[in-house]
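File shown: query05.cif. Contents: mmCIF, C-alpha atoms.
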```cif
data_start
loop_
_atom_site.label_atom_id
_atom_site.label_comp_id
_atom_site.auth_asym_id
_atom_site.auth_seq_id
_atom_site.Cartn_x
_atom_site.Cartn_y
_atom_site.Cartn_z
CA MET A 53 4.94 13.53 -4.55
CA LEU A 54 1.62 13.48 -2.69
CA LEU A 55 0.83 17.01 -3.84
CA ILE A 56 1.54 16.04 -7.46
CA ALA A 57 -0.60 12.92 -7.17
CA LEU A 58 -3.58 14.43 -5.34
CA LEU A 59 -3.62 18.03 -6.63
CA GLY A 60 -2.27 17.45 -10.15
CA PRO A 61 -5.74 17.03 -11.72
CA LEU A 62 -6.56 20.62 -10.70
CA ILE A 63 -4.03 21.93 -13.23
CA PRO A 64 -5.85 22.54 -16.55
CA ILE A 65 -3.75 20.34 -18.83
CA SER A 66 -5.74 17.68 -20.69
CA PRO A 67 -4.46 14.09 -20.30
CA THR A 68 -6.36 12.80 -23.36
CA ASP A 69 -6.18 15.52 -26.04
CA PHE A 70 -3.84 15.15 -29.02
CA VAL A 71 -1.17 17.88 -28.84
CA ALA A 72 1.63 16.71 -31.17
CA PRO A 73 2.79 13.63 -33.14
CA PRO A 74 3.45 10.51 -31.05
CA PHE A 75 6.73 10.39 -29.14
CA SER A 76 7.58 14.00 -29.89
CA SER A 77 10.59 15.32 -28.01
CA PRO A 78 10.11 17.89 -25.22
CA PHE A 79 9.25 21.43 -26.39
CA THR A 80 8.80 20.23 -29.99
CA GLY A 81 5.77 21.74 -31.71
CA GLY A 82 3.71 22.22 -28.55
CA ALA A 83 4.63 18.82 -27.10
CA GLY A 84 5.21 20.29 -23.65
CA VAL A 85 7.88 19.80 -20.99
CA PHE A 86 8.10 15.99 -21.31
CA GLY A 87 6.97 15.56 -24.91
CA THR A 88 4.15 13.27 -26.01
CA ASP A 89 3.27 9.63 -25.52
CA VAL A 90 2.38 6.76 -27.85
CA LEU A 91 -0.83 8.49 -29.01
CA GLY A 92 0.45 12.04 -29.12
CA ARG A 93 -0.95 13.07 -25.74
CA SER A 94 0.92 15.33 -23.33
CA VAL A 95 3.14 13.30 -20.98
CA LEU A 96 3.01 16.16 -18.46
CA GLY A 97 -0.79 16.19 -18.53
CA ARG A 98 -0.99 12.44 -17.98
CA LEU A 99 1.58 12.66 -15.19
CA LEU A 100 -0.46 15.28 -13.35
CA HIS A 101 -3.70 13.32 -13.72
CA GLY A 102 -2.30 9.79 -13.32
CA GLY A 103 -1.35 9.80 -9.65
CA GLN A 104 -4.69 10.56 -7.99
CA HIS A 105 -6.36 7.29 -8.93
CA LEU A 106 -3.25 5.35 -7.88
CA MET A 107 -3.03 7.06 -4.49
CA LEU A 108 -6.73 6.65 -3.70
CA LEU A 109 -6.51 2.93 -4.45
CA ALA A 110 -3.27 2.62 -2.46
CA PHE A 111 -4.74 4.45 0.57
CA ALA A 112 -7.87 2.28 0.54
CA ALA A 113 -5.86 -0.95 0.15
CA THR A 114 -3.53 0.12 2.98
CA LEU A 115 -6.41 0.83 5.36
CA LEU A 116 -7.93 -2.55 4.52
CA ALA A 117 -4.62 -4.36 5.02
CA VAL A 118 -3.71 -2.67 8.31
CA GLY A 119 -7.26 -2.78 9.69
CA THR A 120 -7.80 -6.46 8.92
CA GLY A 121 -4.31 -7.52 9.96
CA ALA A 122 -4.40 -5.53 13.20
CA ILE A 123 -7.73 -7.05 14.26
CA VAL A 124 -6.52 -10.59 13.55
CA GLY A 125 -3.18 -10.02 15.31
CA VAL A 126 -4.67 -8.45 18.44
CA VAL A 127 -7.44 -11.03 18.78
CA ALA A 128 -4.93 -13.87 18.42
CA ALA A 129 -2.63 -12.35 21.06
CA TYR A 130 -5.49 -11.69 23.50
CA ARG A 131 -7.53 -14.87 23.18
CA ARG A 132 -4.66 -17.39 23.21
CA GLY A 133 -5.22 -21.14 22.97
CA PHE A 134 -7.29 -22.54 20.12
CA VAL A 135 -8.22 -19.14 18.65
CA GLU A 136 -4.57 -18.07 18.57
CA ASN A 137 -3.45 -21.26 16.84
CA LEU A 138 -6.31 -21.14 14.36
CA LEU A 139 -5.73 -17.53 13.34
CA MET A 140 -1.92 -17.55 13.24
CA ARG A 141 -1.61 -20.90 11.47
CA GLY A 142 -4.09 -19.59 8.91
CA ILE A 143 -1.92 -16.49 8.53
CA ASP A 144 1.12 -18.70 7.96
CA VAL A 145 -0.72 -20.52 5.17
CA VAL A 146 -1.69 -17.25 3.46
CA LEU A 147 1.86 -15.93 3.79
CA ALA A 148 3.03 -18.84 1.64
CA ILE A 149 1.13 -17.34 -1.32
CA PRO A 150 3.06 -14.51 -3.04
CA GLN A 151 1.21 -11.20 -3.01
CA LEU A 152 1.40 -10.65 -6.75
CA VAL A 153 0.17 -14.17 -7.52
CA PHE A 154 -2.78 -13.76 -5.13
CA SER A 155 -3.73 -10.42 -6.68
CA LEU A 156 -3.38 -11.71 -10.23
CA LEU A 157 -5.54 -14.72 -9.39
CA LEU A 158 -8.44 -12.59 -8.10
CA LEU A 159 -8.23 -10.02 -10.89
CA SER A 160 -7.93 -12.59 -13.67
CA LEU A 161 -10.96 -14.52 -12.39
CA LEU A 162 -13.33 -11.59 -11.81
CA GLY A 163 -11.88 -8.90 -14.07
CA PRO A 164 -9.98 -5.64 -13.39
CA GLN A 165 -12.37 -3.61 -11.23
CA TRP A 166 -11.29 -0.90 -8.80
CA TRP A 167 -12.99 -2.45 -5.75
CA LEU A 168 -11.49 -5.84 -6.55
CA LEU A 169 -8.04 -4.26 -6.94
CA ILE A 170 -8.37 -2.76 -3.44
CA LEU A 171 -9.56 -6.09 -2.06
CA ALA A 172 -6.76 -8.07 -3.71
CA VAL A 173 -3.94 -5.74 -2.66
CA GLY A 174 -5.35 -5.19 0.84
CA LEU A 175 -5.95 -8.84 1.67
CA SER A 176 -2.58 -9.89 0.22
CA GLN A 177 -0.82 -7.58 2.71
CA ALA A 178 -3.01 -8.19 5.77
CA PRO A 179 -1.04 -11.31 6.89
CA GLN A 180 2.20 -9.32 7.19
CA THR A 181 0.49 -6.73 9.37
CA ALA A 182 -1.14 -9.47 11.45
CA ARG A 183 2.25 -11.03 12.23
CA VAL A 184 3.79 -7.69 13.26
CA ILE A 185 0.85 -6.55 15.40
CA TYR A 186 0.55 -10.02 16.96
CA GLY A 187 4.15 -9.78 18.14
CA ALA A 188 3.65 -6.25 19.48
CA ALA A 189 0.33 -7.07 21.19
CA GLN A 190 1.68 -10.07 23.09
CA SER A 191 3.48 -7.82 25.56
CA VAL A 192 0.56 -5.38 25.83
CA VAL A 193 -2.09 -8.00 26.72
CA GLU A 194 0.12 -9.20 29.59
CA LYS A 195 0.11 -5.79 31.27
CA ASP A 196 -1.58 -5.59 34.66
CA PHE A 197 -4.04 -2.88 33.62
CA VAL A 198 -5.36 -5.05 30.77
CA LYS A 199 -5.76 -8.09 33.00
CA ALA A 200 -7.45 -6.01 35.69
CA VAL A 201 -10.02 -4.63 33.26
CA ALA A 202 -10.73 -8.15 31.96
CA VAL A 203 -11.25 -9.42 35.53
CA TRP A 204 -13.87 -6.72 36.09
CA GLY A 205 -15.99 -8.33 33.37
CA VAL A 206 -15.50 -5.69 30.69
CA PRO A 207 -16.44 -7.08 27.23
CA THR A 208 -13.54 -8.22 25.07
CA ARG A 209 -14.24 -5.70 22.30
CA THR A 210 -14.10 -2.86 24.85
CA VAL A 211 -10.82 -4.11 26.32
CA LEU A 212 -9.24 -4.31 22.88
CA ALA A 213 -10.59 -0.97 21.66
CA ARG A 214 -9.85 1.11 24.78
CA HIS A 215 -6.81 -0.52 26.35
CA VAL A 216 -4.91 -2.64 23.79
CA PHE A 217 -5.14 -0.78 20.48
CA PRO A 218 -4.18 2.65 21.96
CA ASN A 219 -0.91 1.09 23.15
CA LEU A 220 -0.13 -0.14 19.63
CA THR A 221 -0.21 3.27 17.96
CA THR A 222 3.45 3.34 16.96
CA PRO A 223 3.62 -0.12 15.29
CA LEU A 224 0.32 0.65 13.57
CA MET A 225 1.72 3.92 12.20
CA VAL A 226 4.84 2.12 10.99
CA GLU A 227 2.70 -0.51 9.31
CA LEU A 228 0.57 2.15 7.63
CA GLY A 229 3.65 3.75 6.08
CA LEU A 230 5.20 0.48 4.98
CA ARG A 231 1.96 -1.00 3.62
CA LEU A 232 1.29 2.21 1.71
CA SER A 233 4.67 1.99 -0.04
CA TYR A 234 4.11 -1.67 -0.91
CA SER A 235 0.54 -0.91 -2.08
CA ILE A 236 1.82 1.80 -4.42
CA VAL A 237 4.34 -0.55 -6.00
CA LEU A 238 1.90 -3.46 -6.24
CA ILE A 239 -0.94 -1.42 -7.75
CA ALA A 240 1.44 0.21 -10.22
CA GLY A 241 2.73 -3.24 -11.19
CA LEU A 242 -0.79 -4.53 -11.74
CA SER A 243 -1.56 -1.45 -13.85
CA PHE A 244 1.56 -2.15 -15.89
CA LEU A 245 0.15 -5.63 -16.57
CA GLY A 246 -3.15 -4.15 -17.76
CA LEU A 247 -5.19 -4.84 -14.61
CA GLY A 248 -5.44 -1.27 -13.37
CA ALA A 249 -7.27 1.77 -14.71
CA PRO A 250 -8.84 1.12 -18.14
CA PRO A 251 -7.77 3.27 -21.11
CA PRO A 252 -7.79 6.17 -21.76
CA ALA A 253 -7.66 6.97 -18.03
CA PRO A 254 -4.17 8.20 -17.07
CA ASP A 255 -2.18 6.01 -14.68
CA TRP A 256 1.54 6.03 -13.92
CA GLY A 257 1.85 2.26 -14.16
CA VAL A 258 -0.03 2.19 -17.47
CA MET A 259 2.19 4.97 -18.82
CA VAL A 260 5.32 2.90 -18.27
CA ASN A 261 3.80 0.01 -20.20
CA GLU A 262 2.32 1.88 -23.15
CA ASN A 263 5.32 4.16 -23.76
CA ARG A 264 8.15 1.64 -23.47
CA ILE A 265 8.07 0.94 -27.20
CA GLY A 266 9.12 4.54 -27.89
CA MET A 267 11.89 5.04 -25.37
CA GLY A 268 14.36 5.67 -28.16
CA ALA A 269 12.34 8.63 -29.45
CA ASN A 270 11.06 10.10 -26.16
CA PRO A 271 12.24 8.30 -23.00
CA TRP A 272 10.36 10.71 -20.71
CA GLY A 273 7.13 8.85 -21.33
CA VAL A 274 8.62 5.99 -19.28
CA LEU A 275 11.23 7.72 -17.11
CA ALA A 276 8.95 10.44 -15.68
CA PRO A 277 6.24 8.14 -14.23
CA ALA A 278 8.87 5.60 -13.12
CA ILE A 279 10.78 8.30 -11.22
CA LEU A 280 7.60 9.56 -9.55
CA LEU A 281 6.63 6.02 -8.51
CA ALA A 282 10.09 5.36 -7.11
CA LEU A 283 10.21 8.64 -5.16
CA LEU A 284 6.70 8.10 -3.81
CA ALA A 285 7.40 4.55 -2.64
CA VAL A 286 10.78 5.43 -1.12
CA GLY A 287 9.33 8.56 0.48
CA THR A 288 6.52 6.73 2.29
CA ASN A 289 8.97 4.04 3.40
CA THR A 290 11.39 6.64 4.78
CA PHE A 291 8.54 8.45 6.51
CA ALA A 292 7.47 5.24 8.26
CA ASP A 293 11.08 4.68 9.34
CA ALA A 294 11.22 8.22 10.77
CA ILE A 295 8.00 7.68 12.75
CA ALA A 296 9.41 4.52 14.32
CA ARG A 297 12.71 6.16 15.23
CA ALA A 298 11.00 9.22 16.69
CA ASN A 299 8.59 7.23 18.86
CA LEU A 300 10.67 4.21 19.83
CA GLY A 301 14.21 5.54 19.71
CA GLU A 302 17.00 4.71 17.28
CA THR A 303 17.54 1.04 18.13
CA ARG A 304 13.96 -0.06 18.84
CA GLY A 305 12.63 1.94 15.91
CA GLU A 306 15.07 0.30 13.53
CA SER A 307 14.12 -3.13 14.90
CA ALA A 308 10.40 -2.42 14.39
CA VAL A 309 10.90 -1.37 10.77
CA LEU A 310 13.18 -4.30 10.03
CA GLY A 311 10.64 -6.69 11.54
CA SER A 312 7.89 -5.30 9.33
CA LYS A 313 10.05 -5.46 6.22
CA THR A 314 11.11 -9.03 7.00
CA SER A 315 7.47 -10.10 7.25
CA ALA A 316 6.70 -8.34 3.97
CA SER A 317 9.62 -9.94 2.14
CA LYS A 318 8.57 -13.39 3.35
CA GLY A 319 5.07 -12.84 2.05
CA SER A 320 6.22 -11.62 -1.36
CA LYS A 321 8.44 -14.63 -2.09
#
```

In structure tokens, what does this structure look like?
Amino acid sequence: MLLIALLGPLIPISPTDFVAPPFSSPFTGGAGVFGTDVLGRSVLGRLLHGGQHLMLLAFAATLLAVGTGAIVGVVAAYRRGFVENLLMRGIDVVLAIPQLVFSLLLLSLLGPQWWLLILAVGLSQAPQTARVIYGAAQSVVEKDFVKAVAVWGVPTRTVLARHVFPNLTTPLMVELGLRLSYSIVLIAGLSFLGLGAPPPAPDWGVMVNENRIGMGANPWGVLAPAILLALLAVGTNTFADAIARANLGETRGESAVLGSKTSASKGSK
């Protein structure tokens, strides 16, 4: 799925040229493998070109979510006291806002722009990451080697960067995989609602929306991008699960993934 999304635009099939009448069946009059869409464009061409933009946005939003959430979670676990209560109670407040509602609010106020889409999706997922990393960091900051370094007068940023974060590699990798799968689904959903890539740019979420009126004539205009989105989201989720099981063992790895998914489900309600 990643190869299709990232390398698909290298295949010389135009995503915008008219090739056959709208909603032509596959292999009908030059319509191609999956037929044509609502405007008579090749569904295959738009599939190959529609995943790159989605994946770039999803990767950027995931890095923003995991980076911001990890910093907040680690700082809260290390500092304790007032800083911990301030940060984590603020996270609890943000978790009460559903991710989709938060993203729709930002995009509807300022308009559908790619940087704003990254910001909305990334910040809406950062609280879930903060809760998971906060729980994982609480045991790390209590280790003797961390306390010893702090007693020596090493600056806080150095302690966190060199001694705390390296011991959180596995939960961070799990969070990266899970947040990527949720970012893909959320960005595709926003594109379906018309807040993603502007026409005529190809996008898998947009394809599902614009071709649903012709499912009776050519269902592949909807089924093909929907299948790719589902496989991509499930694949990244499964990959994150495999990383956790390989690094933490069967039981602890399953607990780490379930904890991340529980935090995500709470934030999306």

If we count only C-alpha atoms and set the cut-off at 9 Å, which residues sit around Leu169 in chain A, ignoring sequence neighbours fewer than 5 positions away in its own chain? Please answer as a list of chain:residue names.
A:Leu109, A:Ala113, A:Ser155, A:Leu158, A:Leu159, A:Pro164, A:Gly174, A:Ile239, A:Leu242, A:Leu247, A:Gly248

Do you know which residues are at most 9 Å from Ile63 in chain A counting only C-alpha atoms, after dropping those on the same chain fewer than 6 positions away, and could you put them as a PDB file with C-alpha atoms, in the frame of the given file?
```pdb
ATOM      1  CA  GLY A  97      -0.790  16.190 -18.530  1.00  0.00           C
ATOM      2  CA  LEU A 100      -0.460  15.280 -13.350  1.00  0.00           C
ATOM      3  CA  HIS A 101      -3.700  13.320 -13.720  1.00  0.00           C
TER       4      HIS A 101
END
```

Smallest atom-to-atom distance to Gly266 in chain A: which of A:Pro61, A:Pro74, A:Ser94, A:Thr68, using all atoms listed in the file?
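Closest to Gly266 in chain A of all the choices is A:Pro74.
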
Gly81 in chain A surroundings by all atoms listed in the file, 9 Å radius, close-in-sequence under 6 positions cut, as an mmCIF file with C-alpha atoms, keeping the file's coordinate frame:
```cif
data_model
loop_
_atom_site.group_PDB
_atom_site.id
_atom_site.type_symbol
_atom_site.label_atom_id
_atom_site.label_comp_id
_atom_site.auth_asym_id
_atom_site.auth_seq_id
_atom_site.Cartn_x
_atom_site.Cartn_y
_atom_site.Cartn_z
ATOM 1 C CA VAL A 71 -1.170 17.880 -28.840
ATOM 2 C CA ALA A 72 1.630 16.710 -31.170
ATOM 3 C CA PRO A 73 2.790 13.630 -33.140
#
```

List every residue of range 231-293 of chain A that has an atom at most 9 Å from any atom of range 176-180 of chain A, and for each one report the closest atom pair and its distance in Å to one decimal, counting all atoms listed in the file, with rows sorted by chain and then by increasing residue number, as JSON lines.
```
{"residue": "A:Arg231", "atom": "CA", "partner": "A:Gln177", "partner_atom": "CA", "distance": 7.2}
{"residue": "A:Tyr234", "atom": "CA", "partner": "A:Gln177", "partner_atom": "CA", "distance": 8.5}
{"residue": "A:Ser235", "atom": "CA", "partner": "A:Gln177", "partner_atom": "CA", "distance": 8.3}
```

Mind dumping the selected residues with C-alpha atoms as an mmCIF file, in the frame of the given file?
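Contents of the output file out-v3.cif:
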```cif
data_model
loop_
_atom_site.group_PDB
_atom_site.id
_atom_site.type_symbol
_atom_site.label_atom_id
_atom_site.label_comp_id
_atom_site.auth_asym_id
_atom_site.auth_seq_id
_atom_site.Cartn_x
_atom_site.Cartn_y
_atom_site.Cartn_z
ATOM 1 C CA ARG A 231 1.960 -1.000 3.620
ATOM 2 C CA TYR A 234 4.110 -1.670 -0.910
ATOM 3 C CA SER A 235 0.540 -0.910 -2.080
#
```

Dig up all the protein and nucleic acid residues within 9 Å of (6.1, 9.1, -6.6) in the file frame, using only C-alpha atoms, and format them as a PDB file with C-alpha atoms, in the coordinates of the input.
```pdb
ATOM      1  CA  MET A  53       4.940  13.530  -4.550  1.00  0.00           C
ATOM      2  CA  LEU A  54       1.620  13.480  -2.690  1.00  0.00           C
ATOM      3  CA  ILE A  56       1.540  16.040  -7.460  1.00  0.00           C
ATOM      4  CA  ALA A  57      -0.600  12.920  -7.170  1.00  0.00           C
ATOM      5  CA  GLY A 103      -1.350   9.800  -9.650  1.00  0.00           C
ATOM      6  CA  ILE A 236       1.820   1.800  -4.420  1.00  0.00           C
ATOM      7  CA  PRO A 277       6.240   8.140 -14.230  1.00  0.00           C
ATOM      8  CA  ALA A 278       8.870   5.600 -13.120  1.00  0.00           C
ATOM      9  CA  ILE A 279      10.780   8.300 -11.220  1.00  0.00           C
ATOM     10  CA  LEU A 280       7.600   9.560  -9.550  1.00  0.00           C
ATOM     11  CA  LEU A 281       6.630   6.020  -8.510  1.00  0.00           C
ATOM     12  CA  ALA A 282      10.090   5.360  -7.110  1.00  0.00           C
ATOM     13  CA  LEU A 283      10.210   8.640  -5.160  1.00  0.00           C
ATOM     14  CA  LEU A 284       6.700   8.100  -3.810  1.00  0.00           C
ATOM     15  CA  ALA A 285       7.400   4.550  -2.640  1.00  0.00           C
ATOM     16  CA  VAL A 286      10.780   5.430  -1.120  1.00  0.00           C
ATOM     17  CA  GLY A 287       9.330   8.560   0.480  1.00  0.00           C
TER      18      GLY A 287
END
```

Matched chain/residue IDs from the PyMOL selection byres ((chain A and resi 185-198) around 10), as a ChimeraX atom specification:
/A:118,121-132,136,140,179-184,199-203,211-212,214-217,219-220,222-224,227,308,311-312

Let me have the centre and edge lengths in Å, one decimal, of the box along x, y and z around every listed atom of range 199-217 of chain A with 8 Å of margin on each side, as AutoDock Vina command-line options.
```
--center_x -10.7 --center_y -4.2 --center_z 28.3 --size_x 27.5 --size_y 26.5 --size_z 31.6
```

Choose the residue, out of A:Phe86, A:Phe70, A:Phe79, A:Trp167, that has the smallest atom-to-atom separation from Asn270 in chain A; count only C-alpha atoms.
A:Phe86

For the structure shown, which residues end up in the PyMOL selection byres ((chain A and resi 78) around 10)? Put them as a list in words, please?
Phe75, Ser76, Ser77, Phe79, Thr80, Gly81, Gly82, Ala83, Gly84, Val85, Phe86, Gly87, Thr88, Ser94, Val95, Leu96, Asn270 and Trp272 of chain A

Using C-alpha atoms, can you export the residues from the last selection as a PDB file, keeping the file's coordinate frame?
```pdb
ATOM      1  CA  PHE A  75       6.730  10.390 -29.140  1.00  0.00           C
ATOM      2  CA  SER A  76       7.580  14.000 -29.890  1.00  0.00           C
ATOM      3  CA  SER A  77      10.590  15.320 -28.010  1.00  0.00           C
ATOM      4  CA  PHE A  79       9.250  21.430 -26.390  1.00  0.00           C
ATOM      5  CA  THR A  80       8.800  20.230 -29.990  1.00  0.00           C
ATOM      6  CA  GLY A  81       5.770  21.740 -31.710  1.00  0.00           C
ATOM      7  CA  GLY A  82       3.710  22.220 -28.550  1.00  0.00           C
ATOM      8  CA  ALA A  83       4.630  18.820 -27.100  1.00  0.00           C
ATOM      9  CA  GLY A  84       5.210  20.290 -23.650  1.00  0.00           C
ATOM     10  CA  VAL A  85       7.880  19.800 -20.990  1.00  0.00           C
ATOM     11  CA  PHE A  86       8.100  15.990 -21.310  1.00  0.00           C
ATOM     12  CA  GLY A  87       6.970  15.560 -24.910  1.00  0.00           C
ATOM     13  CA  THR A  88       4.150  13.270 -26.010  1.00  0.00           C
ATOM     14  CA  SER A  94       0.920  15.330 -23.330  1.00  0.00           C
ATOM     15  CA  VAL A  95       3.140  13.300 -20.980  1.00  0.00           C
ATOM     16  CA  LEU A  96       3.010  16.160 -18.460  1.00  0.00           C
ATOM     17  CA  ASN A 270      11.060  10.100 -26.160  1.00  0.00           C
ATOM     18  CA  TRP A 272      10.360  10.710 -20.710  1.00  0.00           C
TER      19      TRP A 272
END
```
